[in-house]
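K.L.:
File upload.txt below, compact mmCIF, C-alpha atoms:
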# COMPACT_ATOMS: atom_id res chain seq x y z
CA MET W 2 0.00 0.00 0.00
CA TYR W 3 1.19 3.50 -0.71
CA LEU W 4 0.23 7.17 -0.55
CA LYS W 5 0.67 9.68 -3.34
CA ILE W 6 0.88 13.30 -2.28
CA LYS W 7 1.43 16.28 -4.54
CA GLY W 8 3.10 19.28 -2.95
CA PRO W 9 3.55 21.86 -1.80
CA GLN W 10 0.26 22.13 0.08
CA ARG W 11 -0.50 24.63 2.84
CA VAL W 12 -2.58 22.75 5.40
CA GLU W 13 -5.42 24.40 7.31
CA GLY W 14 -8.44 23.12 9.18
CA GLU W 15 -9.46 21.01 12.16
CA VAL W 16 -8.57 17.44 13.11
CA VAL W 17 -10.02 15.39 15.96
CA ILE W 18 -7.30 13.69 18.03
CA SER W 19 -7.99 10.03 18.78
CA GLY W 20 -7.35 8.08 21.96
CA ALA W 21 -3.72 7.40 22.79
CA LYS W 22 -2.24 4.31 21.16
CA ASN W 23 0.37 3.90 23.89
CA ALA W 24 -2.31 3.85 26.57
CA ALA W 25 -5.03 1.85 24.83
CA SER W 26 -2.85 -1.14 23.97
CA LYS W 27 -1.50 -1.44 27.53
CA MET W 28 -5.00 -1.16 29.00
CA MET W 29 -6.18 -4.06 26.87
CA VAL W 30 -3.50 -6.23 28.46
CA ALA W 31 -4.31 -4.85 31.93
CA SER W 32 -7.91 -6.03 31.49
CA LEU W 33 -6.58 -9.62 31.77
CA LEU W 34 -5.95 -9.00 35.49
CA THR W 35 -9.67 -9.42 36.31
CA ASP W 36 -12.41 -11.88 35.42
CA GLU W 37 -14.95 -9.05 35.23
CA PRO W 38 -15.73 -6.78 32.23
CA VAL W 39 -13.54 -3.76 31.55
CA ILE W 40 -14.92 -0.93 29.41
CA LEU W 41 -12.57 1.47 27.60
CA HIS W 42 -13.97 4.63 26.02
CA ASN W 43 -12.32 6.88 23.39
CA PHE W 44 -10.67 3.80 21.93
CA PRO W 45 -8.56 4.39 18.77
CA LYS W 46 -9.31 2.29 15.68
CA ILE W 47 -5.77 1.47 14.60
CA ASP W 48 -3.97 -1.68 13.49
CA GLU W 49 -1.85 -1.77 16.65
CA ILE W 50 -5.02 -2.57 18.54
CA GLU W 51 -5.80 -5.49 16.26
CA ILE W 52 -2.38 -6.94 17.07
CA VAL W 53 -3.07 -6.70 20.80
CA ARG W 54 -6.60 -7.99 20.31
CA GLU W 55 -5.22 -11.22 18.88
CA LEU W 56 -3.01 -11.57 21.96
CA VAL W 57 -5.76 -11.08 24.56
CA GLU W 58 -8.26 -13.22 22.67
CA LYS W 59 -5.74 -16.05 22.46
CA VAL W 60 -5.49 -16.25 26.25
CA GLY W 61 -9.27 -16.09 26.72
CA ALA W 62 -10.58 -12.55 26.42
CA ASN W 63 -13.88 -11.73 24.75
CA VAL W 64 -13.55 -8.43 22.88
CA GLU W 65 -16.54 -6.38 21.74
CA VAL W 66 -16.12 -3.18 19.71
CA ARG W 67 -18.86 -0.55 19.94
CA ASP W 68 -17.71 2.35 17.75
CA HIS W 69 -14.95 3.92 19.92
CA THR W 70 -15.79 1.87 23.00
CA LEU W 71 -14.13 -1.46 23.71
CA VAL W 72 -15.57 -4.03 26.13
CA LEU W 73 -13.16 -6.74 27.30
CA SER W 74 -14.10 -9.70 29.47
CA THR W 75 -11.79 -12.55 30.49
CA PRO W 76 -13.72 -14.82 32.86
CA THR W 77 -11.19 -17.64 32.36
CA ILE W 78 -7.60 -17.77 31.16
CA LEU W 79 -7.66 -20.47 28.49
CA THR W 80 -3.92 -20.74 27.94
CA GLU W 81 -0.80 -19.33 29.53
CA GLU W 82 1.16 -19.66 26.28
CA VAL W 83 1.22 -16.50 24.16
CA VAL W 84 3.12 -17.93 21.20
CA GLY W 85 2.29 -18.48 17.56
CA LEU W 86 0.66 -15.08 17.03
CA SER W 87 0.35 -13.94 13.42
CA ARG W 88 2.16 -10.66 14.16
CA ALA W 89 4.84 -10.33 16.80
CA ASN W 90 4.62 -7.32 19.11
CA ARG W 91 6.72 -6.32 22.07
CA ILE W 92 3.64 -5.60 24.15
CA SER W 93 3.24 -9.35 24.71
CA VAL W 94 5.80 -9.12 27.55
CA LEU W 95 3.22 -7.08 29.49
CA ALA W 96 0.97 -10.15 29.58
CA LEU W 97 3.39 -11.82 32.01
CA PRO W 98 1.88 -10.41 35.24
CA ALA W 99 -1.73 -11.26 34.38
CA LEU W 100 -0.86 -14.83 33.37
CA LEU W 101 1.32 -15.33 36.45
CA HIS W 102 -1.35 -13.95 38.79
CA ARG W 103 -4.16 -16.00 37.30
CA LYS W 104 -2.37 -19.18 36.13
CA GLY W 105 1.00 -19.20 37.92
CA ARG W 106 2.81 -19.70 34.62
CA ALA W 107 3.43 -17.85 31.35
CA VAL W 108 5.19 -18.66 28.09
CA LEU W 109 6.02 -15.70 25.84
CA PRO W 110 8.11 -15.31 22.68
CA VAL W 111 11.57 -13.76 22.83
CA LEU W 112 11.36 -10.71 20.59
CA GLY W 113 14.26 -8.86 19.04
CA GLY W 114 14.70 -5.17 18.31
CA ASP W 115 12.94 -3.05 15.72
CA LYS W 116 13.82 -0.31 13.29
CA ILE W 117 14.54 2.28 15.99
CA GLY W 118 16.93 0.13 17.95
CA PRO W 119 16.70 -2.81 20.35
CA ARG W 120 14.32 -2.56 23.28
CA PRO W 121 15.71 -5.01 25.84
CA VAL W 122 13.35 -6.51 28.42
CA ASN W 123 16.00 -7.20 31.05
CA TYR W 124 14.57 -4.49 33.34
CA HIS W 125 11.18 -6.23 33.16
CA LEU W 126 12.57 -9.68 33.88
CA ASP W 127 14.90 -8.56 36.69
CA ALA W 128 11.98 -6.90 38.49
CA LEU W 129 9.75 -9.95 38.15
CA ARG W 130 12.54 -12.20 39.43
CA ALA W 131 12.82 -9.93 42.47
CA MET W 132 9.10 -10.55 43.02
CA GLY W 133 9.66 -14.31 43.17
CA VAL W 134 9.16 -15.31 39.54
CA ARG W 135 11.34 -18.03 38.04
CA ILE W 136 12.16 -17.12 34.44
CA GLN W 137 14.11 -19.18 31.93
CA GLU W 138 14.79 -18.71 28.25
CA GLU W 139 13.98 -21.91 26.40
CA GLY W 140 14.70 -21.67 22.70
CA SER W 141 12.66 -18.78 21.31
CA ALA W 142 10.45 -18.37 24.39
CA PHE W 143 10.54 -17.11 27.97
CA VAL W 144 9.04 -19.54 30.46
CA ALA W 145 7.98 -17.84 33.70
CA GLU W 146 6.58 -19.55 36.79
CA ALA W 147 5.23 -18.25 40.11
CA PRO W 148 3.26 -21.14 41.62
CA PHE W 149 3.08 -19.44 45.03
CA GLY W 150 2.22 -15.97 43.70
CA LEU W 151 4.20 -12.73 43.49
CA CYS W 152 5.57 -10.76 46.42
CA GLY W 153 6.07 -7.03 46.67
CA THR W 154 9.59 -5.72 46.32
CA HIS W 155 11.68 -2.56 45.94
CA VAL W 156 12.85 -1.88 42.37
CA ASN W 157 15.30 0.87 41.44
CA LEU W 158 15.24 1.08 37.66
CA PRO W 159 18.60 1.95 36.07
CA TYR W 160 16.63 4.01 33.52
CA PRO W 161 13.01 5.26 33.71
CA SER W 162 11.79 2.69 31.19
CA VAL W 163 8.14 3.04 30.20
CA GLY W 164 7.63 -0.65 29.50
CA ALA W 165 9.36 -1.81 32.67
CA THR W 166 7.35 0.64 34.80
CA GLU W 167 4.12 -0.63 33.25
CA ASN W 168 5.10 -4.26 33.79
CA ILE W 169 5.95 -3.70 37.46
CA LEU W 170 2.67 -1.83 37.95
CA LEU W 171 0.69 -4.76 36.52
CA ALA W 172 2.67 -7.18 38.67
CA GLY W 173 2.45 -5.13 41.87
CA VAL W 174 -1.32 -4.52 41.96
CA LEU W 175 -2.02 -8.18 42.86
CA ALA W 176 1.27 -9.03 44.58
CA LYS W 177 1.48 -9.78 48.31
CA GLY W 178 2.63 -6.66 50.15
CA ARG W 179 4.02 -3.37 48.85
CA THR W 180 5.97 -2.78 45.66
CA VAL W 181 8.00 0.42 45.28
CA ILE W 182 9.40 1.60 41.94
CA GLU W 183 12.25 4.10 42.14
CA ASN W 184 13.25 6.05 39.02
CA ALA W 185 9.92 5.14 37.43
CA ALA W 186 8.68 6.51 34.11
CA LEU W 187 5.86 9.04 34.60
CA GLU W 188 4.55 9.58 31.08
CA PRO W 189 0.90 10.73 30.80
CA GLU W 190 0.01 7.31 29.36
CA ILE W 191 1.37 5.63 32.52
CA LEU W 192 -0.62 7.96 34.75
CA ASP W 193 -3.68 7.10 32.67
CA LEU W 194 -2.98 3.40 33.18
CA ILE W 195 -2.67 4.02 36.93
CA MET W 196 -6.08 5.72 36.95
CA MET W 197 -7.61 2.80 35.08
CA LEU W 198 -6.12 0.34 37.61
CA GLN W 199 -7.46 2.49 40.45
CA ASN W 200 -10.90 2.27 38.87
CA MET W 201 -10.50 -1.52 39.07
CA GLY W 202 -9.67 -1.47 42.78
CA ALA W 203 -5.87 -1.04 42.82
CA ILE W 204 -4.01 1.03 45.44
CA ILE W 205 -1.25 3.08 43.80
CA GLU W 206 0.48 6.23 45.08
CA LEU W 207 2.88 8.69 43.45
CA GLY W 208 5.72 9.77 45.72
CA THR W 209 8.35 12.48 45.45
CA GLY W 210 10.70 12.32 42.52
CA ARG W 211 10.08 9.34 40.32
CA THR W 212 8.64 7.01 42.97
CA ILE W 213 5.51 4.86 42.59
CA SER W 214 4.21 2.71 45.47
CA ILE W 215 1.72 -0.12 44.94
CA ASP W 216 -0.08 -1.92 47.76
CA GLY W 217 -1.18 -5.30 46.44
CA VAL W 218 -4.87 -6.24 46.76
CA GLU W 219 -6.47 -9.69 46.73
CA ARG W 220 -8.40 -9.12 43.51
CA LEU W 221 -9.34 -6.49 40.96
CA HIS W 222 -12.88 -5.94 39.73
CA GLY W 223 -14.09 -4.65 36.40
CA GLY W 224 -14.20 -0.95 35.61
CA SER W 225 -14.73 1.79 33.08
CA HIS W 226 -12.16 4.31 31.86
CA GLU W 227 -11.84 6.98 29.17
CA ILE W 228 -8.49 6.92 27.38
CA LEU W 229 -6.57 10.20 27.18
CA PRO W 230 -6.01 11.89 23.77
CA ASP W 231 -2.93 10.87 21.80
CA ARG W 232 -0.24 13.53 22.34
CA MET W 233 1.89 11.99 19.58
CA GLU W 234 -0.91 12.38 17.04
CA ALA W 235 -1.53 15.95 18.19
CA ALA W 236 2.14 16.85 17.78
CA SER W 237 2.20 15.25 14.33
CA TYR W 238 -0.60 17.47 13.02
CA ALA W 239 0.95 20.46 14.81
CA CYS W 240 4.18 19.84 12.89
CA MET W 241 2.15 19.58 9.69
CA ALA W 242 0.78 23.08 10.28
CA LEU W 243 4.16 24.58 11.13
CA ALA W 244 6.11 22.94 8.30
CA THR W 245 3.59 23.90 5.60
CA GLY W 246 2.90 27.39 6.97
CA GLY W 247 -0.71 26.49 7.71
CA ARG W 248 -3.00 26.49 10.72
CA ILE W 249 -4.53 23.39 12.34
CA PHE W 250 -6.85 23.09 15.33
CA CYS W 251 -6.14 19.80 17.15
CA ARG W 252 -9.42 19.10 18.93
CA HIS W 253 -8.99 17.28 22.27
CA ALA W 254 -5.22 17.97 22.44
CA ARG W 255 -4.30 18.68 26.06
CA GLN W 256 -1.85 21.38 27.12
CA ALA W 257 -0.78 19.49 30.26
CA ASP W 258 0.47 16.55 28.18
CA MET W 259 2.46 18.68 25.72
CA LEU W 260 4.19 21.40 27.78
CA THR W 261 7.70 20.70 26.47
CA PHE W 262 6.51 20.42 22.87
CA LEU W 263 4.64 23.72 23.18
CA ASN W 264 7.75 25.44 24.49
CA ALA W 265 9.73 24.17 21.48
CA VAL W 266 7.03 25.55 19.15
CA ARG W 267 7.50 29.05 20.57
CA ARG W 268 11.29 28.75 20.68
CA ILE W 269 11.41 28.33 16.88
CA GLY W 270 9.20 31.41 16.45
CA ALA W 271 5.93 29.63 15.70
CA ASP W 272 2.94 29.76 18.04
CA TYR W 273 -0.12 28.03 19.45
CA GLU W 274 -3.29 29.00 21.28
CA VAL W 275 -5.04 26.85 23.86
CA MET W 276 -8.76 26.80 23.14
CA GLY W 277 -11.72 25.35 25.05
CA ASP W 278 -11.29 21.80 23.74
CA GLY W 279 -7.94 21.68 22.03
CA ILE W 280 -4.96 23.63 20.73
CA VAL W 281 -4.53 25.53 17.47
CA PHE W 282 -1.02 25.62 15.93
CA PHE W 283 0.19 28.17 13.40
CA ARG W 284 3.22 29.96 11.98
CA LYS W 285 3.63 33.71 12.61
CA GLY W 286 6.49 34.35 10.19
CA PRO W 287 10.00 33.01 9.55
CA MET W 288 11.05 30.28 11.98
CA ARG W 289 14.53 29.92 13.51
CA GLY W 290 16.66 26.91 14.35
CA ILE W 291 17.15 25.70 17.93
CA ASP W 292 19.02 23.09 19.97
CA LEU W 293 16.80 20.22 21.08
CA GLU W 294 17.27 17.13 23.24
CA THR W 295 14.81 14.27 23.72
CA ASP W 296 14.28 12.84 27.18
CA THR W 297 11.84 10.86 29.26
CA HIS W 298 8.75 12.74 30.41
CA PRO W 299 8.51 15.61 31.21
CA GLY W 300 11.28 16.14 28.67
CA PHE W 301 10.84 16.44 24.90
CA MET W 302 9.30 13.15 23.81
CA THR W 303 11.29 10.88 21.49
CA ASP W 304 8.17 10.29 19.34
CA TRP W 305 7.98 14.04 18.69
CA GLN W 306 11.56 14.12 17.45
CA GLN W 307 11.09 12.93 13.84
CA PRO W 308 8.27 15.26 12.72
CA PHE W 309 9.80 18.18 14.62
CA THR W 310 13.16 17.59 12.92
CA LEU W 311 11.32 17.98 9.62
CA VAL W 312 9.97 21.33 10.89
CA LEU W 313 13.55 22.34 11.72
CA THR W 314 14.53 21.85 8.06
CA GLN W 315 12.18 24.77 7.35
CA CYS W 316 13.73 27.00 10.04
CA GLU W 317 16.41 29.59 9.31
CA GLY W 318 19.86 28.76 10.65
CA THR W 319 21.37 25.72 12.31
CA SER W 320 19.54 23.30 14.60
CA VAL W 321 20.99 20.49 16.72
CA VAL W 322 18.97 17.46 17.86
CA HIS W 323 20.33 15.09 20.51
CA GLU W 324 18.36 11.82 20.86
CA THR W 325 18.87 10.32 24.33
CA VAL W 326 16.04 7.75 24.43
CA TYR W 327 16.71 5.49 21.42
CA GLU W 328 20.14 4.97 19.96
CA ASP W 329 19.18 4.61 16.28
CA ARG W 330 16.26 6.86 15.44
CA PHE W 331 17.66 9.01 12.63
CA GLY W 332 17.34 6.52 9.77
CA TYR W 333 14.53 8.56 8.26
CA THR W 334 16.89 11.51 7.66
CA LYS W 335 18.30 9.74 4.57
CA ALA W 336 14.92 10.14 2.87
CA LEU W 337 14.66 13.78 3.97
CA ASN W 338 18.10 14.46 2.50
CA GLN W 339 16.98 12.92 -0.77
CA LEU W 340 14.20 15.50 -0.81
CA GLY W 341 16.68 18.34 -0.32
CA ALA W 342 17.13 18.61 3.45
CA ARG W 343 20.64 19.10 4.83
CA ILE W 344 20.89 16.84 7.86
CA THR W 345 24.14 15.32 9.12
CA VAL W 346 23.98 12.54 11.71
CA PHE W 347 26.76 12.00 14.28
CA ASP W 348 27.66 9.25 16.74
CA LYS W 349 28.68 11.83 19.35
CA CYS W 350 26.55 13.46 22.03
CA LEU W 351 25.72 16.95 20.78
CA GLY W 352 23.88 18.06 23.88
CA GLU W 353 24.06 18.69 27.61
CA LEU W 354 21.81 15.94 29.01
CA PRO W 355 23.41 12.81 30.52
CA CYS W 356 23.25 10.24 27.74
CA ARG W 357 23.39 6.44 27.90
CA PHE W 358 24.92 6.35 24.42
CA ARG W 359 27.99 8.49 25.09
CA SER W 360 31.11 6.94 23.51
CA ARG W 361 29.09 3.96 22.24
CA ARG W 362 29.24 4.95 18.57
CA HIS W 363 25.47 5.09 18.07
CA PRO W 364 24.15 7.60 15.48
CA HIS W 365 22.08 9.62 17.94
CA SER W 366 22.74 13.30 17.19
CA ALA W 367 21.96 15.43 14.15
CA ILE W 368 22.77 18.88 12.80
CA ILE W 369 20.14 20.44 10.53
CA GLN W 370 20.93 23.33 8.20
CA GLY W 371 17.90 25.39 7.17
CA ALA W 372 15.79 26.59 5.71
CA THR W 373 15.95 24.22 2.73
CA PRO W 374 13.32 23.89 -0.01
CA LEU W 375 12.21 20.30 -0.54
CA LYS W 376 11.60 18.66 -3.91
CA ALA W 377 10.03 15.31 -4.71
CA VAL W 378 12.31 12.57 -6.04
CA GLY W 379 11.50 10.24 -8.90
CA LYS W 380 11.27 7.08 -6.82
CA PRO W 381 9.14 5.85 -3.92
CA LEU W 382 10.17 6.61 -0.35
CA GLU W 383 10.00 3.72 2.13
CA ILE W 384 8.31 4.05 5.52
CA PHE W 385 9.91 1.84 8.19
CA ASP W 386 8.28 2.97 11.45
CA ILE W 387 5.25 4.93 12.61
CA ARG W 388 6.78 8.33 13.40
CA ALA W 389 9.18 8.24 10.45
CA GLY W 390 6.12 7.60 8.32
CA ILE W 391 4.18 10.68 9.42
CA THR W 392 7.40 12.68 9.00
CA LEU W 393 7.59 11.65 5.35
CA VAL W 394 3.92 12.56 4.90
CA ILE W 395 4.66 16.07 6.16
CA ALA W 396 7.81 16.27 4.02
CA ALA W 397 5.78 15.31 0.94
CA LEU W 398 3.34 18.13 1.73
CA CYS W 399 6.28 20.57 1.78
CA ALA W 400 8.04 19.21 -1.30
CA GLU W 401 7.48 20.45 -4.82
CA GLY W 402 6.13 17.67 -7.03
CA SER W 403 4.51 14.29 -6.47
CA SER W 404 5.82 11.88 -3.83
CA GLN W 405 4.98 8.20 -3.35
CA LEU W 406 5.28 6.74 0.14
CA ASN W 407 5.41 2.95 0.52
CA GLY W 408 4.80 1.00 3.74
CA LEU W 409 1.49 2.42 4.93
CA GLU W 410 1.00 -0.52 7.29
CA HIS W 411 3.28 1.31 9.74
CA LEU W 412 1.11 4.44 9.67
CA ASP W 413 -2.05 2.35 10.05
CA ARG W 414 -0.61 0.98 13.30
CA GLY W 415 -0.51 4.41 14.92
CA TYR W 416 -2.88 6.85 13.16
CA GLU W 417 -6.63 6.34 13.07
CA ASN W 418 -8.28 7.09 9.72
CA LEU W 419 -5.20 8.90 8.43
CA LEU W 420 -6.51 9.25 4.88
CA GLY W 421 -9.86 10.60 6.08
CA LYS W 422 -8.22 13.10 8.41
CA LEU W 423 -5.82 14.29 5.72
CA LYS W 424 -8.68 14.80 3.27
CA GLY W 425 -10.66 16.53 6.02
CA LEU W 426 -7.82 19.07 6.17
CA GLY W 427 -8.22 19.70 2.44
CA ILE W 428 -5.12 17.72 1.47
CA GLU W 429 -5.01 16.22 -2.02
CA VAL W 430 -3.86 12.66 -1.36
CA GLU W 431 -4.35 9.29 -3.01
CA ARG W 432 -4.09 5.88 -1.36
CA SER W 433 -3.62 2.71 -3.37
What's the structure tokens form of this structure?
P.N.:
Amino acid sequence: MYLKIKGPQRVEGEVVISGAKNAASKMMVASLLTDEPVILHNFPKIDEIEIVRELVEKVGANVEVRDHTLVLSTPTILTEEVVGLSRANRISVLALPALLHRKGRAVLPVLGGDKIGPRPVNYHLDALRAMGVRIQEEGSAFVAEAPFGLCGTHVNLPYPSVGATENILLAGVLAKGRTVIENAALEPEILDLIMMLQNMGAIIELGTGRTISIDGVERLHGGSHEILPDRMEAASYACMALATGGRIFCRHARQADMLTFLNAVRRIGADYEVMGDGIVFFRKGPMRGIDLETDTHPGFMTDWQQPFTLVLTQCEGTSVVHETVYEDRFGYTKALNQLGARITVFDKCLGELPCRFRSRRHPHSAIIQGATPLKAVGKPLEIFDIRAGITLVIAALCAEGSSQLNGLEHLDRGYENLLGKLKGLGIEVERS
């Protein structure tokens, strides 16, 4: 599947932001912790959810879709083996706690890295071992056993990993005693997951710094929760407005979830206005380059980096981007350079934040020279991950001529009704 976009196009209009992908998928897995129904409102209709749906249905969940409401019920766990799925996904590791709590055993596939670098699960497994779980790697699967249940523990994460924090949360809510997570991730999606678990009967407190404390309960009941808006989708359409010189109102976008992004918007000389039910983004005049570093929340989000880097190609002067979350997330810049951008990637730390990748030779910094006009090339551009994909969509809207983007399955994983929303903004686009 591919998109054809003819540019340049100045984008104006309104787009409704869907529920957050990175919250919805985790909540589906969390529903396995109870035998009662769980209702999730504002649910995004994206392919990522279909991948997770296959996982939860395999272990026994009944899933009912009612427009943007999802009803999940898992009265019985039918199997503790989550293997043989049609599409591998790293979220399967989050099924470990529910299977261990309800069956005492879990078998999950060992998954490798993806196009933005490896995402090791050693933090997850180390924490679960500290809670009394026996875990062995047998061939291409992890076999985990906790016949006597899980016990609370104290975990100090070496890095505020989102996935590890989520896994420990799901393990701690039904563990015996108290579980404390030091140096926990505190992304809005994690706080949303905590609120969902509270609605199901969990006891979870936020302490000073990056501390989360969980008092285990005997059981969780069903519950209802409305998923927060997707801050990644909101930032993507914001970047579309800024890069093309347009104006887009992102309905349901929340200021509290995007503070660092909003500051970066004003630092480059663009602007935004918080409205009653969303945020409008627009350009006021020429934009200027800045230095930017990604970080865990509340820092500048790594998923904002790719589309914002494209915006920086349209800013006057030099910009520097230092990626401190993933070690190999600048692969998309090759395609931008083909279109006329001037981006040079370095394996050195070009920033001030402490960086795990210092002196490890990973290509994790970039210098962008702007502003550069973009021009379509005479061959298709390949999409290899979700955020790189939306970046190429925005680049095609800026570029003179017709661009073909291959690999739409990646965009379908993370953006609900992308074609419909693009056309709703008046964009001339063709999908085949």
K.L.:
Pick out the closest residue to Thr310 of chain W from this set: W:Thr373, W:Ile384, W:Cys240, W:Phe283. Count all atoms listed in the file.
P.N.:
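Checking each candidate against Thr310 of chain W, we get W:Cys240 as the closest.
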K.L.:
Report as CSV the residues of segment 158-277 of chain W within 10 Å of segment 298-301 of chain W, each with its shortest atom pair and distance in Å (one decimal), using all atoms listed in the file, ordered by chain and increasing residue number.
P.N.:
residue,atom,partner,partner_atom,distance
W:Pro161,CA,W:His298,CA,9.2
W:Val163,CA,W:His298,CA,9.7
W:Ala186,CA,W:His298,CA,7.2
W:Leu187,CA,W:His298,CA,6.3
W:Glu188,CA,W:His298,CA,5.3
W:Pro189,CA,W:His298,CA,8.1
W:Asp258,CA,W:Pro299,CA,8.6
W:Met259,CA,W:Phe301,CA,8.7
W:Leu260,CA,W:Pro299,CA,8.0
W:Thr261,CA,W:Phe301,CA,5.5
W:Phe262,CA,W:Phe301,CA,6.2
W:Leu263,CA,W:Phe301,CA,9.7
W:Asn264,CA,W:Phe301,CA,9.5
W:Ala265,CA,W:Phe301,CA,8.5
K.L.:
Between W:Asn157, W:Thr77, W:Ser433, W:Ser366, single out the one closest to Pro38 of chain W, counting all atoms listed in the file.
P.N.:
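Distance minimum relative to Pro38 of chain W lands on W:Thr77.
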K.L.:
May I have the residues within 8 Å of Gly425 of chain W as a list in words, using all atoms listed in the file and disregarding those fewer than 2 positions away in the same chain?
P.N.:
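Using all atoms listed in the file, the neighbours found are Gly14, Glu15, Val16, Gly421, Lys422, Leu423, Gly427 and Ile428 of chain W.
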K.L.:
Pick from W:Val108, W:His155, W:Gly270, W:Trp305: nearest to Arg179 of chain W, with all atoms listed in the file counted?
P.N.:
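Under the stated criterion, the closest residue is W:His155.
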K.L.:
Under the rule that only C-alpha atoms are counted, which of W:Val326, W:Leu375, W:Leu126, W:Ile205 is the nearest residue to Glu401 of chain W?
P.N.:
W:Leu375
K.L.:
Excluding Val275 of chain W and any residue of its chain fewer than 3 positions from it, enumerate the residues within 12 Å of it, using all atoms listed in the file, and give them as number ranges by chain.
P.N.:
W: 250-257, 259-260, 263, 272, 278-283
K.L.:
Taking only C-alpha atoms into account, name the residue in W:Val57, W:Ile6, W:Ile182, W:Val122 that is nearest to Arg91 of chain W.
P.N.:
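Closest candidate: W:Val122.
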K.L.:
Neighbouring residues of segment 45-51 of chain W were defined as those with any atom within 9 Å, considering only C-alpha atoms; residues of the same chain fewer than 4 positions away were excluded. Please report them as an mmCIF file with C-alpha atoms, in the frame of the given file.
P.N.:
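result16.cif written:
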data_model
loop_
_atom_site.group_PDB
_atom_site.id
_atom_site.type_symbol
_atom_site.label_atom_id
_atom_site.label_comp_id
_atom_site.auth_asym_id
_atom_site.auth_seq_id
_atom_site.Cartn_x
_atom_site.Cartn_y
_atom_site.Cartn_z
ATOM 1 C CA SER W 19 -7.990 10.030 18.780
ATOM 2 C CA GLY W 20 -7.350 8.080 21.960
ATOM 3 C CA ALA W 21 -3.720 7.400 22.790
ATOM 4 C CA LYS W 22 -2.240 4.310 21.160
ATOM 5 C CA ALA W 25 -5.030 1.850 24.830
ATOM 6 C CA SER W 26 -2.850 -1.140 23.970
ATOM 7 C CA MET W 29 -6.180 -4.060 26.870
ATOM 8 C CA GLU W 55 -5.220 -11.220 18.880
ATOM 9 C CA LEU W 56 -3.010 -11.570 21.960
ATOM 10 C CA ASP W 68 -17.710 2.350 17.750
ATOM 11 C CA HIS W 69 -14.950 3.920 19.920
ATOM 12 C CA THR W 70 -15.790 1.870 23.000
ATOM 13 C CA ASN W 90 4.620 -7.320 19.110
ATOM 14 C CA ILE W 228 -8.490 6.920 27.380
ATOM 15 C CA GLU W 410 1.000 -0.520 7.290
ATOM 16 C CA HIS W 411 3.280 1.310 9.740
ATOM 17 C CA LEU W 412 1.110 4.440 9.670
ATOM 18 C CA ASP W 413 -2.050 2.350 10.050
ATOM 19 C CA ARG W 414 -0.610 0.980 13.300
ATOM 20 C CA GLY W 415 -0.510 4.410 14.920
ATOM 21 C CA TYR W 416 -2.880 6.850 13.160
ATOM 22 C CA GLU W 417 -6.630 6.340 13.070
ATOM 23 C CA ASN W 418 -8.280 7.090 9.720
#
K.L.:
How many Å separate atom CA of Val72 of chain W from atom CA of Lys59 of chain W?
P.N.:
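Taking atom CA of Val72 of chain W and atom CA of Lys59 of chain W, their separation equals 16.0 Å.
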K.L.:
Do you know which residues are at most 10 Å from Met2 of chain W counting all atoms listed in the file, after dropping those on the same chain fewer than 6 positions away, and could you put them as an MDAnalysis selection string?
P.N.:
chainID W and resid 406:410 432:433
K.L.:
So the first atom is atom CA of Asn43 of chain W and the second is atom CA of Met196 of chain W; what is the distance between them in Å, to one decimal place?
P.N.:
15.0 Å
K.L.:
Find the distance between atom CA of His125 of chain W and atom CA of Glu167 of chain W and write it in Å to one decimal.
P.N.:
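A separation of 9.0 Å between them.
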K.L.:
May I have the protein, DNA and RNA residues with an atom at most 6 Å from (4.2, 21.8, -3.8), counting all atoms listed in the file in the file's coordinates, returned as a list in words?
P.N.:
Gly8, Pro9, Gln10, Ala400, Glu401 and Gly402 of chain W
K.L.:
Give me, as a list in words, all polymer residues having an atom no more than 10 Å from Val12 of chain W, counting all atoms listed in the file and skipping those fewer than 3 positions away in the same chain.
P.N.:
Pro9, Glu15, Tyr238, Met241, Ala242, Leu243, Ala244, Thr245, Gly246, Gly247, Arg248, Ile249, Ile395, Leu398, Cys399, Leu423, Leu426, Gly427 and Ile428 of chain W
K.L.:
Using all atoms listed in the file, which residue out of W:Ala372, W:Thr35, W:Ile52, W:His363 lies closest to Arg343 of chain W?
P.N.:
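Closest residue, counting all atoms listed in the file: W:Ala372.
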K.L.:
Working from the structure I just supplied, which lacks atoms in segment 407-412 of chain W, can you model N, CA and C atoms there and output them as a PDB file, in the frame of the given file?
P.N.:
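Just written: result_28.pdb:
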ATOM      1  N   ASN W 407       5.730   4.365   0.351  1.00  0.00           N
ATOM      2  CA  ASN W 407       5.410   2.950   0.520  1.00  0.00           C
ATOM      3  C   ASN W 407       5.497   2.546   1.984  1.00  0.00           C
ATOM      4  N   GLY W 408       4.730   1.525   2.376  1.00  0.00           N
ATOM      5  CA  GLY W 408       4.800   1.000   3.740  1.00  0.00           C
ATOM      6  C   GLY W 408       3.757   1.588   4.661  1.00  0.00           C
ATOM      7  N   LEU W 409       2.535   1.779   4.141  1.00  0.00           N
ATOM      8  CA  LEU W 409       1.490   2.420   4.930  1.00  0.00           C
ATOM      9  C   LEU W 409       1.050   1.597   6.126  1.00  0.00           C
ATOM     10  N   GLU W 410       1.405   0.292   6.145  1.00  0.00           N
ATOM     11  CA  GLU W 410       1.000  -0.520   7.290  1.00  0.00           C
ATOM     12  C   GLU W 410       1.561   0.031   8.596  1.00  0.00           C
ATOM     13  N   HIS W 411       2.720   0.700   8.532  1.00  0.00           N
ATOM     14  CA  HIS W 411       3.280   1.310   9.740  1.00  0.00           C
ATOM     15  C   HIS W 411       2.414   2.473  10.223  1.00  0.00           C
ATOM     16  N   LEU W 412       1.968   3.320   9.289  1.00  0.00           N
ATOM     17  CA  LEU W 412       1.110   4.440   9.670  1.00  0.00           C
ATOM     18  C   LEU W 412      -0.234   3.954  10.195  1.00  0.00           C
TER      19      LEU W 412
END
